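What follows is the content of work_11.tsv (TSV, C-alpha atoms (C1' of nucleotides)).
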chain	number	residue	atom	x	y	z
W	1	MET	CA	-26.71	27.54	8.78
W	2	THR	CA	-24.21	30.31	8.91
W	3	LYS	CA	-21.08	28.21	8.98
W	4	ARG	CA	-19.87	24.85	7.90
W	5	GLU	CA	-17.33	24.26	10.63
W	6	ARG	CA	-15.97	20.85	9.77
W	7	ALA	CA	-13.73	18.84	12.04
W	8	TYR	CA	-10.64	17.17	10.65
W	9	SER	CA	-8.33	14.66	12.26
W	10	ARG	CA	-4.71	15.44	12.89
W	11	TYR	CA	-3.72	12.89	10.29
W	12	THR	CA	-5.76	14.68	7.66
W	13	LYS	CA	-4.35	18.05	8.57
W	14	ASP	CA	-0.78	16.83	8.59
W	15	ALA	CA	-1.18	14.90	5.37
W	16	ALA	CA	-2.41	18.02	3.59
W	17	ILE	CA	0.38	20.16	5.00
W	18	LEU	CA	2.99	17.62	3.98
W	19	LEU	CA	1.52	17.37	0.51
W	20	GLY	CA	1.37	21.13	0.12
W	21	LYS	CA	4.91	21.67	1.27
W	22	GLY	CA	6.09	18.90	-0.98
W	23	ILE	CA	4.50	20.65	-3.92
W	24	LYS	CA	6.06	23.95	-2.96
W	25	LEU	CA	9.45	22.33	-2.58
W	26	ALA	CA	9.26	20.62	-5.94
W	27	ARG	CA	8.02	23.77	-7.63
W	28	LYS	CA	10.91	25.81	-6.30
W	29	ALA	CA	13.43	23.12	-7.06
W	30	ARG	CA	12.27	23.36	-10.67
W	31	LYS	CA	12.48	27.12	-10.54
W	32	PHE	CA	8.89	27.93	-11.26
W	33	THR	CA	7.36	31.09	-9.88
W	34	ALA	CA	4.05	30.67	-8.12
W	35	ARG	CA	2.34	32.55	-10.90
W	36	ASP	CA	3.82	30.48	-13.70
W	37	PHE	CA	3.23	27.21	-11.95
W	38	ALA	CA	-0.35	28.09	-11.12
W	39	GLU	CA	-0.91	28.92	-14.75
W	40	ARG	CA	0.50	25.55	-15.75
W	41	VAL	CA	-1.82	23.77	-13.38
W	42	GLY	CA	-4.72	25.85	-14.61
W	43	ILE	CA	-5.54	27.55	-11.31
W	44	SER	CA	-5.07	30.99	-9.82
W	45	ARG	CA	-2.06	32.01	-7.81
W	46	ILE	CA	-4.23	32.38	-4.74
W	47	THR	CA	-5.47	28.82	-5.01
W	48	LEU	CA	-1.92	27.58	-5.38
W	49	GLN	CA	-1.04	29.45	-2.20
W	50	LYS	CA	-3.83	27.64	-0.38
W	51	ILE	CA	-2.73	24.29	-1.74
W	52	GLU	CA	0.86	24.85	-0.68
W	53	LYS	CA	-0.33	25.78	2.80
W	54	GLY	CA	-2.29	22.57	3.10
W	55	ASP	CA	-5.74	24.13	2.93
W	56	LEU	CA	-8.22	21.27	3.28
W	57	LYS	CA	-10.95	23.04	1.40
W	58	CYS	CA	-9.24	22.88	-1.96
W	59	GLY	CA	-10.49	20.53	-4.62
W	60	LEU	CA	-8.93	17.08	-4.83
W	61	GLY	CA	-8.38	17.33	-8.57
W	62	ILE	CA	-6.41	20.54	-8.64
W	63	VAL	CA	-4.30	19.44	-5.68
W	64	LEU	CA	-3.44	16.14	-7.34
W	65	GLU	CA	-2.77	17.94	-10.61
W	66	ALA	CA	-0.40	20.32	-8.88
W	67	ALA	CA	1.35	17.39	-7.25
W	68	ALA	CA	1.65	15.60	-10.56
W	69	LEU	CA	3.07	18.61	-12.37
W	70	ALA	CA	5.45	19.32	-9.52
W	71	GLY	CA	6.63	15.72	-9.59
W	72	VAL	CA	5.43	14.70	-6.16
W	73	LYS	CA	4.92	10.97	-5.88
W	74	LEU	CA	1.57	9.59	-4.77
W	75	PHE	CA	1.28	5.97	-3.68
W	76	ASP	CA	5.00	5.70	-4.40
W	77	VAL	CA	4.40	6.24	-8.11
W	78	ASP	CA	6.52	8.80	-9.96
W	79	PRO	CA	4.31	11.02	-12.14
W	80	ALA	CA	6.99	11.23	-14.81
W	81	ARG	CA	7.61	7.51	-15.15
W	82	GLY	CA	5.05	5.18	-13.59
W	83	ASN	CA	1.34	4.54	-13.73
W	84	PHE	CA	-1.22	3.03	-11.42
W	85	ALA	CA	-2.20	0.04	-13.54
W	86	ALA	CA	-0.82	-2.58	-11.20
W	87	HIS	CA	-2.26	-0.94	-8.12
W	88	LEU	CA	-5.66	-0.58	-9.73
W	89	GLU	CA	-5.75	-4.18	-10.81
W	90	SER	CA	-4.90	-5.34	-7.34
W	91	VAL	CA	-7.62	-3.25	-5.75
W	92	ASN	CA	-10.17	-4.41	-8.30
W	93	ASP	CA	-9.32	-8.02	-7.60
W	94	LYS	CA	-9.76	-7.59	-3.89
W	95	LEU	CA	-12.99	-5.66	-4.34
W	96	ALA	CA	-14.42	-8.48	-6.41
W	97	LEU	CA	-13.99	-10.82	-3.47
W	98	LEU	CA	-16.06	-8.71	-1.11
W	99	PRO	CA	-19.87	-8.61	-1.01
W	100	LYS	CA	-21.62	-6.03	-3.15
W	101	SER	CA	-23.56	-4.66	-0.24
W	102	ILE	CA	-22.75	-4.72	3.44
W	103	ARG	CA	-25.27	-5.61	6.11
W	104	LYS	CA	-25.35	-3.38	9.11
W	105	ARG	CA	-23.52	-4.60	12.17
W	106	ARG	CA	-25.01	-4.00	15.58
W	107	GLN	CA	-21.66	-3.33	17.22
W	108	GLU	CA	-18.70	-1.52	15.72
W	109	VAL	CA	-15.54	-3.19	16.84
W	110	ASP	CA	-13.30	-2.86	13.86
W	111	ASP	CA	-11.44	0.26	14.81
W	112	ASP	CA	-8.56	0.27	17.18
W	113	PHE	CA	-9.58	2.60	19.94
L	114	MET	CA	-18.84	31.43	-18.15
L	115	THR	CA	-21.32	28.64	-18.34
L	116	LYS	CA	-18.98	25.80	-17.55
L	117	ARG	CA	-15.78	25.14	-15.74
L	118	GLU	CA	-14.47	22.32	-17.90
L	119	ARG	CA	-11.13	21.56	-16.33
L	120	ALA	CA	-8.54	19.25	-17.83
L	121	TYR	CA	-6.83	16.65	-15.70
L	122	SER	CA	-3.88	14.42	-16.45
L	123	ARG	CA	-4.17	10.67	-16.51
L	124	TYR	CA	-1.95	10.48	-13.46
L	125	THR	CA	-4.38	12.66	-11.54
L	126	LYS	CA	-7.43	10.75	-12.70
L	127	ASP	CA	-5.95	7.38	-11.88
L	128	ALA	CA	-4.62	8.51	-8.53
L	129	ALA	CA	-8.10	9.63	-7.51
L	130	ILE	CA	-9.69	6.43	-8.76
L	131	LEU	CA	-7.15	4.34	-6.91
L	132	LEU	CA	-7.67	6.36	-3.76
L	133	GLY	CA	-11.44	6.07	-4.02
L	134	LYS	CA	-11.40	2.36	-4.66
L	135	GLY	CA	-8.96	1.88	-1.82
L	136	ILE	CA	-11.37	3.63	0.50
L	137	LYS	CA	-14.26	1.55	-0.73
L	138	LEU	CA	-12.25	-1.63	-0.29
L	139	ALA	CA	-11.21	-0.74	3.24
L	140	ARG	CA	-14.72	0.31	4.17
L	141	LYS	CA	-16.18	-2.97	3.00
L	142	ALA	CA	-13.42	-4.99	4.59
L	143	ARG	CA	-14.42	-3.37	7.87
L	144	LYS	CA	-18.07	-4.07	7.19
L	145	PHE	CA	-19.33	-0.53	7.16
L	146	THR	CA	-22.32	0.38	5.06
L	147	ALA	CA	-21.89	3.44	2.90
L	148	ARG	CA	-24.39	5.30	5.03
L	149	ASP	CA	-22.70	4.49	8.31
L	150	PHE	CA	-19.25	5.23	7.03
L	151	ALA	CA	-20.32	8.52	5.52
L	152	GLU	CA	-21.84	9.48	8.84
L	153	ARG	CA	-18.59	8.66	10.57
L	154	VAL	CA	-16.65	10.83	8.17
L	155	GLY	CA	-19.19	13.58	8.58
L	156	ILE	CA	-20.34	13.72	4.97
L	157	SER	CA	-23.41	12.63	3.05
L	158	ARG	CA	-23.78	9.26	1.42
L	159	ILE	CA	-23.84	10.91	-1.98
L	160	THR	CA	-20.51	12.59	-1.38
L	161	LEU	CA	-19.00	9.31	-0.25
L	162	GLN	CA	-20.22	7.76	-3.48
L	163	LYS	CA	-18.40	10.44	-5.42
L	164	ILE	CA	-15.23	9.98	-3.42
L	165	GLU	CA	-15.25	6.22	-3.94
L	166	LYS	CA	-15.69	6.76	-7.67
L	167	GLY	CA	-12.66	9.04	-7.77
L	168	ASP	CA	-14.55	12.25	-8.43
L	169	LEU	CA	-11.92	14.97	-8.73
L	170	LYS	CA	-14.26	17.73	-7.65
L	171	CYS	CA	-14.52	16.58	-4.07
L	172	GLY	CA	-12.81	18.51	-1.33
L	173	LEU	CA	-9.31	17.45	-0.32
L	174	GLY	CA	-10.16	17.47	3.38
L	175	ILE	CA	-13.12	15.13	3.29
L	176	VAL	CA	-11.31	12.75	0.94
L	177	LEU	CA	-8.29	12.59	3.23
L	178	GLU	CA	-10.58	12.20	6.21
L	179	ALA	CA	-12.34	9.28	4.56
L	180	ALA	CA	-9.01	7.74	3.68
L	181	ALA	CA	-7.76	8.16	7.21
L	182	LEU	CA	-10.85	6.55	8.73
L	183	ALA	CA	-10.69	3.74	6.22
L	184	GLY	CA	-6.99	3.27	6.89
L	185	VAL	CA	-5.75	4.03	3.40
L	186	LYS	CA	-2.23	5.38	3.12
L	187	LEU	CA	-1.64	8.15	0.60
L	188	PHE	CA	2.03	8.43	1.42
L	189	ASP	CA	4.12	6.04	3.40
L	190	VAL	CA	2.53	7.07	6.64
L	191	ASP	CA	0.07	4.77	8.34
L	192	PRO	CA	-3.02	6.63	9.55
L	193	ALA	CA	-3.12	4.46	12.65
L	194	ARG	CA	0.30	5.58	13.73
L	195	GLY	CA	0.41	8.72	11.67
L	196	ASN	CA	3.71	10.33	12.44
L	197	PHE	CA	4.36	13.02	9.89
L	198	ALA	CA	6.90	14.79	12.03
L	199	ALA	CA	9.94	13.27	10.39
L	200	HIS	CA	8.67	13.86	6.89
L	201	LEU	CA	7.69	17.43	7.66
L	202	GLU	CA	11.06	18.17	9.17
L	203	SER	CA	12.81	16.83	6.12
L	204	VAL	CA	10.70	18.93	3.76
L	205	ASN	CA	11.17	22.01	5.89
L	206	ASP	CA	14.93	21.56	5.89
L	207	LYS	CA	15.04	21.29	2.13
L	208	LEU	CA	12.74	24.27	1.71
L	209	ALA	CA	15.05	26.36	3.86
L	210	LEU	CA	17.87	25.75	1.40
L	211	LEU	CA	15.93	27.11	-1.57
L	212	PRO	CA	15.46	30.81	-2.35
L	213	LYS	CA	12.44	32.51	-0.89
L	214	SER	CA	11.35	33.82	-4.25
L	215	ILE	CA	12.05	32.43	-7.68
L	216	ARG	CA	13.12	34.57	-10.59
L	217	LYS	CA	11.39	33.90	-13.84
L	218	ARG	CA	13.28	31.78	-16.31
L	219	ARG	CA	13.13	32.66	-19.97
L	220	GLN	CA	13.05	29.00	-21.02
L	221	GLU	CA	11.35	26.14	-19.30
L	222	VAL	CA	13.54	23.11	-19.49
L	223	ASP	CA	12.98	21.40	-16.21
L	224	ASP	CA	10.37	18.95	-17.32
L	225	ASP	CA	11.25	15.77	-19.07
L	226	PHE	CA	9.35	15.87	-22.29
D	227	DT	C1'	21.78	50.30	-2.56
D	228	DT	C1'	18.27	50.44	-5.80
D	229	DA	C1'	14.71	48.80	-8.87
D	230	DG	C1'	11.76	45.43	-10.42
D	231	DA	C1'	9.58	41.23	-9.29
D	232	DT	C1'	7.75	37.63	-6.15
D	233	DT	C1'	5.21	36.41	-2.43
D	234	DG	C1'	1.58	36.67	1.26
D	235	DA	C1'	-2.64	38.26	2.49
D	236	DT	C1'	-7.58	40.15	2.35
D	237	DC	C1'	-12.20	40.93	0.28
D	238	DA	C1'	-16.18	40.84	-2.69
D	239	DT	C1'	-18.01	38.23	-6.45
D	240	DT	C1'	-18.97	34.19	-9.08
D	241	DA	C1'	-18.76	29.39	-10.07
D	242	DT	C1'	-19.36	25.10	-8.11
D	243	DA	C1'	-19.22	21.44	-4.59
D	244	DA	C1'	-22.20	19.23	-0.93
D	245	DT	C1'	-26.54	18.07	0.48
D	246	DG	C1'	-31.39	16.06	1.04
D	247	DA	C1'	-35.08	14.00	-1.23
D	248	DT	C1'	-36.40	10.44	-4.09
D	249	DC	C1'	-36.64	6.33	-7.17
D	250	DA	C1'	-35.11	1.91	-9.26
D	251	DT	C1'	-32.34	-1.91	-8.80
D	252	DA	C1'	-30.51	-5.71	-6.66
D	253	DA	C1'	-28.18	-7.99	-3.00
D	254	DG	C1'	-28.29	-10.45	1.47
D	255	DA	C1'	-30.89	-12.77	5.30
D	256	DC	C1'	-34.52	-15.76	6.26
G	257	DG	C1'	-39.09	-17.16	-3.22
G	258	DT	C1'	-40.00	-13.13	-0.18
G	259	DC	C1'	-38.78	-9.20	2.38
G	260	DT	C1'	-35.82	-5.84	3.95
G	261	DT	C1'	-32.12	-2.95	3.10
G	262	DA	C1'	-27.90	-1.23	0.67
G	263	DT	C1'	-26.50	0.87	-3.35
G	264	DG	C1'	-26.45	3.85	-7.56
G	265	DA	C1'	-28.21	7.59	-9.70
G	266	DT	C1'	-30.60	12.23	-10.65
G	267	DC	C1'	-32.14	16.95	-9.51
G	268	DA	C1'	-32.92	21.31	-7.25
G	269	DT	C1'	-31.19	23.97	-3.50
G	270	DT	C1'	-27.76	25.80	-0.48
G	271	DA	C1'	-23.21	26.32	1.27
G	272	DT	C1'	-18.73	27.17	-0.10
G	273	DA	C1'	-14.54	26.97	-2.99
G	274	DA	C1'	-12.07	29.60	-6.73
G	275	DT	C1'	-11.11	33.79	-8.66
G	276	DG	C1'	-9.52	38.70	-9.74
G	277	DA	C1'	-8.17	42.90	-7.83
G	278	DT	C1'	-5.24	45.06	-4.79
G	279	DC	C1'	-1.69	46.33	-1.22
G	280	DA	C1'	2.42	45.71	1.67
G	281	DA	C1'	6.51	43.43	2.56
G	282	DT	C1'	10.51	41.25	0.99
G	283	DC	C1'	13.58	39.14	-1.98
G	284	DT	C1'	16.88	38.81	-6.10
G	285	DA	C1'	19.70	40.56	-9.53
G	286	DA	C1'	22.24	44.35	-11.08

Please express what this file holds, its structure, as structure tokens.
Amino acid sequence: MTKRERAYSRYTKDAAILLGKGIKLARKARKFTARDFAERVGISRITLQKIEKGDLKCGLGIVLEAAALAGVKLFDVDPARGNFAAHLESVNDKLALLPKSIRKRRQEVDDDF
Amino acid sequence: MTKRERAYSRYTKDAAILLGKGIKLARKARKFTARDFAERVGISRITLQKIEKGDLKCGLGIVLEAAALAGVKLFDVDPARGNFAAHLESVNDKLALLPKSIRKRRQEVDDDF
DNA sequence: TTAGATTGATCATTATAATGATCATAAGAC
DNA sequence: GTCTTATGATCATTATAATGATCAATCTAA
């Protein structure tokens, strides 16, 4: 194969753009140059550029790390103050109630098309 | 270099774990097998496994795509309705008020340590 | 207005993420 | 209990993300 050519939904595209712009906004509000901020995150300036543009092919970890250092809230949790303990516990509880493995359904009717 | 060896903050790690478990929870609640769901997202079953475990080295795009299909909200925006317009406008407005380029500061005092 | 610095962009190279194949385990349907 | 199938995990291979170098344009501070 010569190309990957992946298709992304509008939601995915917009979510990444919003996240990237949020990072850029927070970085500037805190008066960090792109170079300095990238260094803080542990990535190159070029990669930070991609992240701030909402490039979908960046790694999840470095994007989240940039968001955390910039102070962008994920799941409504402030990186500087909160943690995810409560959220995690809730999800774990709900997961425990569901079957370990799912049997295949013949029809797929669970989406809202 | 033989290894990458990146360091991530707890916030980043937990955010990814929460996101992954949220996807797994939503997938099971909708009775999709891992194989079927991965196919829907357009990724392999192995990659879905990594995403659901909160692997930070997965691509942002495929993780967001999985979250969108599962119905997991990263921000306050519901994937089903998915209107980022208002949020984007707000961020753009604020960005317009900040300087295009940031001058280096001698001291870094903007974080709350 | 000028000078130095920041940003945006492109390209080749290198490191690494994504995949398919495969096996063991165990969970659900009967 | 038995049988079928979903899941978790590992490994080698391939596709691709991350990087450094570099250049032009533009911005900020003086």

Fit target chain W, mobile chain L, all Cα in order, as a PDB file with C-alpha atoms, in the frame of the given file:
ATOM      1  CA  MET L 114     -26.693  27.293   8.541  1.00  0.00           C
ATOM      2  CA  THR L 115     -24.251  30.116   8.744  1.00  0.00           C
ATOM      3  CA  LYS L 116     -21.091  28.074   8.824  1.00  0.00           C
ATOM      4  CA  ARG L 117     -19.795  24.751   7.714  1.00  0.00           C
ATOM      5  CA  GLU L 118     -17.282  24.161  10.484  1.00  0.00           C
ATOM      6  CA  ARG L 119     -15.916  20.750   9.646  1.00  0.00           C
ATOM      7  CA  ALA L 120     -13.654  18.739  11.912  1.00  0.00           C
ATOM      8  CA  TYR L 121     -10.556  17.081  10.543  1.00  0.00           C
ATOM      9  CA  SER L 122      -8.202  14.594  12.128  1.00  0.00           C
ATOM     10  CA  ARG L 123      -4.572  15.376  12.730  1.00  0.00           C
ATOM     11  CA  TYR L 124      -3.618  12.766  10.172  1.00  0.00           C
ATOM     12  CA  THR L 125      -5.662  14.574   7.546  1.00  0.00           C
ATOM     13  CA  LYS L 126      -4.312  17.986   8.456  1.00  0.00           C
ATOM     14  CA  ASP L 127      -0.715  16.852   8.443  1.00  0.00           C
ATOM     15  CA  ALA L 128      -1.091  14.896   5.233  1.00  0.00           C
ATOM     16  CA  ALA L 129      -2.365  18.007   3.470  1.00  0.00           C
ATOM     17  CA  ILE L 130       0.382  20.170   4.921  1.00  0.00           C
ATOM     18  CA  LEU L 131       3.017  17.675   3.885  1.00  0.00           C
ATOM     19  CA  LEU L 132       1.544  17.447   0.413  1.00  0.00           C
ATOM     20  CA  GLY L 133       1.393  21.218   0.069  1.00  0.00           C
ATOM     21  CA  LYS L 134       4.916  21.759   1.285  1.00  0.00           C
ATOM     22  CA  GLY L 135       6.140  19.002  -0.986  1.00  0.00           C
ATOM     23  CA  ILE L 136       4.589  20.786  -3.930  1.00  0.00           C
ATOM     24  CA  LYS L 137       6.110  24.075  -2.898  1.00  0.00           C
ATOM     25  CA  LEU L 138       9.507  22.453  -2.480  1.00  0.00           C
ATOM     26  CA  ALA L 139       9.368  20.786  -5.877  1.00  0.00           C
ATOM     27  CA  ARG L 140       8.144  23.949  -7.546  1.00  0.00           C
ATOM     28  CA  LYS L 141      10.997  25.983  -6.139  1.00  0.00           C
ATOM     29  CA  ALA L 142      13.540  23.302  -6.895  1.00  0.00           C
ATOM     30  CA  ARG L 143      12.432  23.577 -10.512  1.00  0.00           C
ATOM     31  CA  LYS L 144      12.621  27.347 -10.362  1.00  0.00           C
ATOM     32  CA  PHE L 145       9.021  28.125 -11.108  1.00  0.00           C
ATOM     33  CA  THR L 146       7.451  31.253  -9.719  1.00  0.00           C
ATOM     34  CA  ALA L 147       4.117  30.758  -8.029  1.00  0.00           C
ATOM     35  CA  ARG L 148       2.416  32.645 -10.821  1.00  0.00           C
ATOM     36  CA  ASP L 149       3.964  30.600 -13.594  1.00  0.00           C
ATOM     37  CA  PHE L 150       3.368  27.315 -11.878  1.00  0.00           C
ATOM     38  CA  ALA L 151      -0.229  28.163 -11.112  1.00  0.00           C
ATOM     39  CA  GLU L 152      -0.738  29.027 -14.752  1.00  0.00           C
ATOM     40  CA  ARG L 153       0.706  25.688 -15.750  1.00  0.00           C
ATOM     41  CA  VAL L 154      -1.643  23.866 -13.428  1.00  0.00           C
ATOM     42  CA  GLY L 155      -4.524  25.935 -14.695  1.00  0.00           C
ATOM     43  CA  ILE L 156      -5.419  27.587 -11.402  1.00  0.00           C
ATOM     44  CA  SER L 157      -5.008  31.027  -9.886  1.00  0.00           C
ATOM     45  CA  ARG L 158      -2.036  32.075  -7.831  1.00  0.00           C
ATOM     46  CA  ILE L 159      -4.259  32.431  -4.795  1.00  0.00           C
ATOM     47  CA  THR L 160      -5.455  28.858  -5.076  1.00  0.00           C
ATOM     48  CA  LEU L 161      -1.889  27.636  -5.399  1.00  0.00           C
ATOM     49  CA  GLN L 162      -1.069  29.520  -2.221  1.00  0.00           C
ATOM     50  CA  LYS L 163      -3.848  27.680  -0.447  1.00  0.00           C
ATOM     51  CA  ILE L 164      -2.718  24.332  -1.779  1.00  0.00           C
ATOM     52  CA  GLU L 165       0.869  24.920  -0.683  1.00  0.00           C
ATOM     53  CA  LYS L 166      -0.366  25.843   2.785  1.00  0.00           C
ATOM     54  CA  GLY L 167      -2.303  22.591   3.039  1.00  0.00           C
ATOM     55  CA  ASP L 168      -5.757  24.125   2.851  1.00  0.00           C
ATOM     56  CA  LEU L 169      -8.201  21.238   3.161  1.00  0.00           C
ATOM     57  CA  LYS L 170     -10.952  23.008   1.276  1.00  0.00           C
ATOM     58  CA  CYS L 171      -9.220  22.874  -2.069  1.00  0.00           C
ATOM     59  CA  GLY L 172     -10.447  20.533  -4.747  1.00  0.00           C
ATOM     60  CA  LEU L 173      -8.871  17.090  -4.965  1.00  0.00           C
ATOM     61  CA  GLY L 174      -8.322  17.362  -8.711  1.00  0.00           C
ATOM     62  CA  ILE L 175      -6.353  20.581  -8.759  1.00  0.00           C
ATOM     63  CA  VAL L 176      -4.253  19.472  -5.789  1.00  0.00           C
ATOM     64  CA  LEU L 177      -3.380  16.188  -7.475  1.00  0.00           C
ATOM     65  CA  GLU L 178      -2.706  18.034 -10.703  1.00  0.00           C
ATOM     66  CA  ALA L 179      -0.322  20.388  -8.937  1.00  0.00           C
ATOM     67  CA  ALA L 180       1.373  17.458  -7.269  1.00  0.00           C
ATOM     68  CA  ALA L 181       1.716  15.647 -10.556  1.00  0.00           C
ATOM     69  CA  LEU L 182       3.242  18.656 -12.307  1.00  0.00           C
ATOM     70  CA  ALA L 183       5.565  19.243  -9.394  1.00  0.00           C
ATOM     71  CA  GLY L 184       6.524  15.578  -9.340  1.00  0.00           C
ATOM     72  CA  VAL L 185       5.290  14.790  -5.855  1.00  0.00           C
ATOM     73  CA  LYS L 186       4.282  11.206  -5.195  1.00  0.00           C
ATOM     74  CA  LEU L 187       1.185  10.647  -3.081  1.00  0.00           C
ATOM     75  CA  PHE L 188       1.434   6.891  -3.297  1.00  0.00           C
ATOM     76  CA  ASP L 189       4.339   4.856  -4.488  1.00  0.00           C
ATOM     77  CA  VAL L 190       3.741   5.791  -8.074  1.00  0.00           C
ATOM     78  CA  ASP L 191       6.040   8.245  -9.783  1.00  0.00           C
ATOM     79  CA  PRO L 192       4.116  10.849 -11.781  1.00  0.00           C
ATOM     80  CA  ALA L 193       6.778  10.762 -14.470  1.00  0.00           C
ATOM     81  CA  ARG L 194       6.225   7.102 -15.114  1.00  0.00           C
ATOM     82  CA  GLY L 195       2.799   6.895 -13.588  1.00  0.00           C
ATOM     83  CA  ASN L 196       1.699   3.336 -14.028  1.00  0.00           C
ATOM     84  CA  PHE L 197      -1.319   2.732 -11.863  1.00  0.00           C
ATOM     85  CA  ALA L 198      -2.411  -0.310 -13.790  1.00  0.00           C
ATOM     86  CA  ALA L 199      -0.900  -2.844 -11.436  1.00  0.00           C
ATOM     87  CA  HIS L 200      -2.228  -1.149  -8.342  1.00  0.00           C
ATOM     88  CA  LEU L 201      -5.687  -0.770  -9.822  1.00  0.00           C
ATOM     89  CA  GLU L 202      -5.797  -4.396 -10.833  1.00  0.00           C
ATOM     90  CA  SER L 203      -4.846  -5.477  -7.356  1.00  0.00           C
ATOM     91  CA  VAL L 204      -7.536  -3.327  -5.753  1.00  0.00           C
ATOM     92  CA  ASN L 205     -10.125  -4.510  -8.231  1.00  0.00           C
ATOM     93  CA  ASP L 206      -9.298  -8.136  -7.518  1.00  0.00           C
ATOM     94  CA  LYS L 207      -9.688  -7.642  -3.800  1.00  0.00           C
ATOM     95  CA  LEU L 208     -12.916  -5.713  -4.255  1.00  0.00           C
ATOM     96  CA  ALA L 209     -14.343  -8.573  -6.282  1.00  0.00           C
ATOM     97  CA  LEU L 210     -13.891 -10.887  -3.312  1.00  0.00           C
ATOM     98  CA  LEU L 211     -15.948  -8.715  -0.969  1.00  0.00           C
ATOM     99  CA  PRO L 212     -19.756  -8.619  -0.876  1.00  0.00           C
ATOM    100  CA  LYS L 213     -21.473  -6.102  -3.080  1.00  0.00           C
ATOM    101  CA  SER L 214     -23.462  -4.698  -0.205  1.00  0.00           C
ATOM    102  CA  ILE L 215     -22.637  -4.686   3.470  1.00  0.00           C
ATOM    103  CA  ARG L 216     -25.137  -5.575   6.145  1.00  0.00           C
ATOM    104  CA  LYS L 217     -25.235  -3.302   9.117  1.00  0.00           C
ATOM    105  CA  ARG L 218     -23.402  -4.506  12.176  1.00  0.00           C
ATOM    106  CA  ARG L 219     -24.927  -3.922  15.571  1.00  0.00           C
ATOM    107  CA  GLN L 220     -21.539  -3.208  17.157  1.00  0.00           C
ATOM    108  CA  GLU L 221     -18.610  -1.428  15.646  1.00  0.00           C
ATOM    109  CA  VAL L 222     -15.453  -3.151  16.684  1.00  0.00           C
ATOM    110  CA  ASP L 223     -13.256  -2.874  13.668  1.00  0.00           C
ATOM    111  CA  ASP L 224     -11.323   0.171  14.690  1.00  0.00           C
ATOM    112  CA  ASP L 225      -8.430  -0.013  17.044  1.00  0.00           C
ATOM    113  CA  PHE L 226      -9.294   2.321  19.836  1.00  0.00           C
TER     114      PHE L 226
END

Could you list as a PDB file with C-alpha atoms, in the frame of the given file every residue that has an atom within 10 Å of (-9.1, 3.5, -3.7), using the file's coordinates and counting all atoms listed in the file?
ATOM      1  CA  HIS W  87      -2.260  -0.940  -8.120  1.00  0.00           C
ATOM      2  CA  LEU W  88      -5.660  -0.580  -9.730  1.00  0.00           C
ATOM      3  CA  VAL W  91      -7.620  -3.250  -5.750  1.00  0.00           C
ATOM      4  CA  ASN W  92     -10.170  -4.410  -8.300  1.00  0.00           C
ATOM      5  CA  LEU W  95     -12.990  -5.660  -4.340  1.00  0.00           C
TER       6      LEU W  95
ATOM      7  CA  ASP L 127      -5.950   7.380 -11.880  1.00  0.00           C
ATOM      8  CA  ALA L 128      -4.620   8.510  -8.530  1.00  0.00           C
ATOM      9  CA  ALA L 129      -8.100   9.630  -7.510  1.00  0.00           C
ATOM     10  CA  ILE L 130      -9.690   6.430  -8.760  1.00  0.00           C
ATOM     11  CA  LEU L 131      -7.150   4.340  -6.910  1.00  0.00           C
ATOM     12  CA  LEU L 132      -7.670   6.360  -3.760  1.00  0.00           C
ATOM     13  CA  GLY L 133     -11.440   6.070  -4.020  1.00  0.00           C
ATOM     14  CA  LYS L 134     -11.400   2.360  -4.660  1.00  0.00           C
ATOM     15  CA  GLY L 135      -8.960   1.880  -1.820  1.00  0.00           C
ATOM     16  CA  ILE L 136     -11.370   3.630   0.500  1.00  0.00           C
ATOM     17  CA  LYS L 137     -14.260   1.550  -0.730  1.00  0.00           C
ATOM     18  CA  LEU L 138     -12.250  -1.630  -0.290  1.00  0.00           C
ATOM     19  CA  ALA L 139     -11.210  -0.740   3.240  1.00  0.00           C
ATOM     20  CA  ILE L 164     -15.230   9.980  -3.420  1.00  0.00           C
ATOM     21  CA  GLU L 165     -15.250   6.220  -3.940  1.00  0.00           C
ATOM     22  CA  LYS L 166     -15.690   6.760  -7.670  1.00  0.00           C
ATOM     23  CA  GLY L 167     -12.660   9.040  -7.770  1.00  0.00           C
ATOM     24  CA  ALA L 180      -9.010   7.740   3.680  1.00  0.00           C
ATOM     25  CA  VAL L 185      -5.750   4.030   3.400  1.00  0.00           C
ATOM     26  CA  LYS L 186      -2.230   5.380   3.120  1.00  0.00           C
ATOM     27  CA  LEU L 187      -1.640   8.150   0.600  1.00  0.00           C
TER      28      LEU L 187
END

Edge lengths and centre in Å to one decimal, as lines of an AutoDock Vina configuration file, is what I'm after for the box along x, y and z that holds all listed atoms of range 15-32 of chain W once 6 Å is added on each side.
center_x = 5.5
center_y = 21.4
center_z = -2.9
size_x = 27.8
size_y = 25.0
size_z = 28.6

Do you have, as a Markdown table, the list of residues of chain W lying at most 8 Å from chain G, each with its nearest atom pair and that distance in Å to one decimal, counting only C-alpha atoms (C1' of nucleotides) and ordered by chain then number?
| residue | atom | partner | partner_atom | distance |
| --- | --- | --- | --- | --- |
| W:Arg4 | CA | G:DA271 | C1' | 7.6 |
| W:Ser44 | CA | G:DT275 | C1' | 6.8 |
| W:Thr47 | CA | G:DA274 | C1' | 6.9 |
| W:Lys57 | CA | G:DA273 | C1' | 6.9 |
| W:Cys58 | CA | G:DA273 | C1' | 6.8 |
| W:Gly59 | CA | G:DA273 | C1' | 7.8 |
| W:Ser101 | CA | G:DA262 | C1' | 5.6 |
| W:Ile102 | CA | G:DA262 | C1' | 6.8 |
| W:Arg103 | CA | G:DA262 | C1' | 7.5 |

Contacts of Phe145 in chain L within 7 Å, all atoms listed in the file, excl. fewer than 3 positions in-chain, as a VMD selection string: (chain W and resid 102 104) or (chain L and resid 140 to 141 149 to 150)
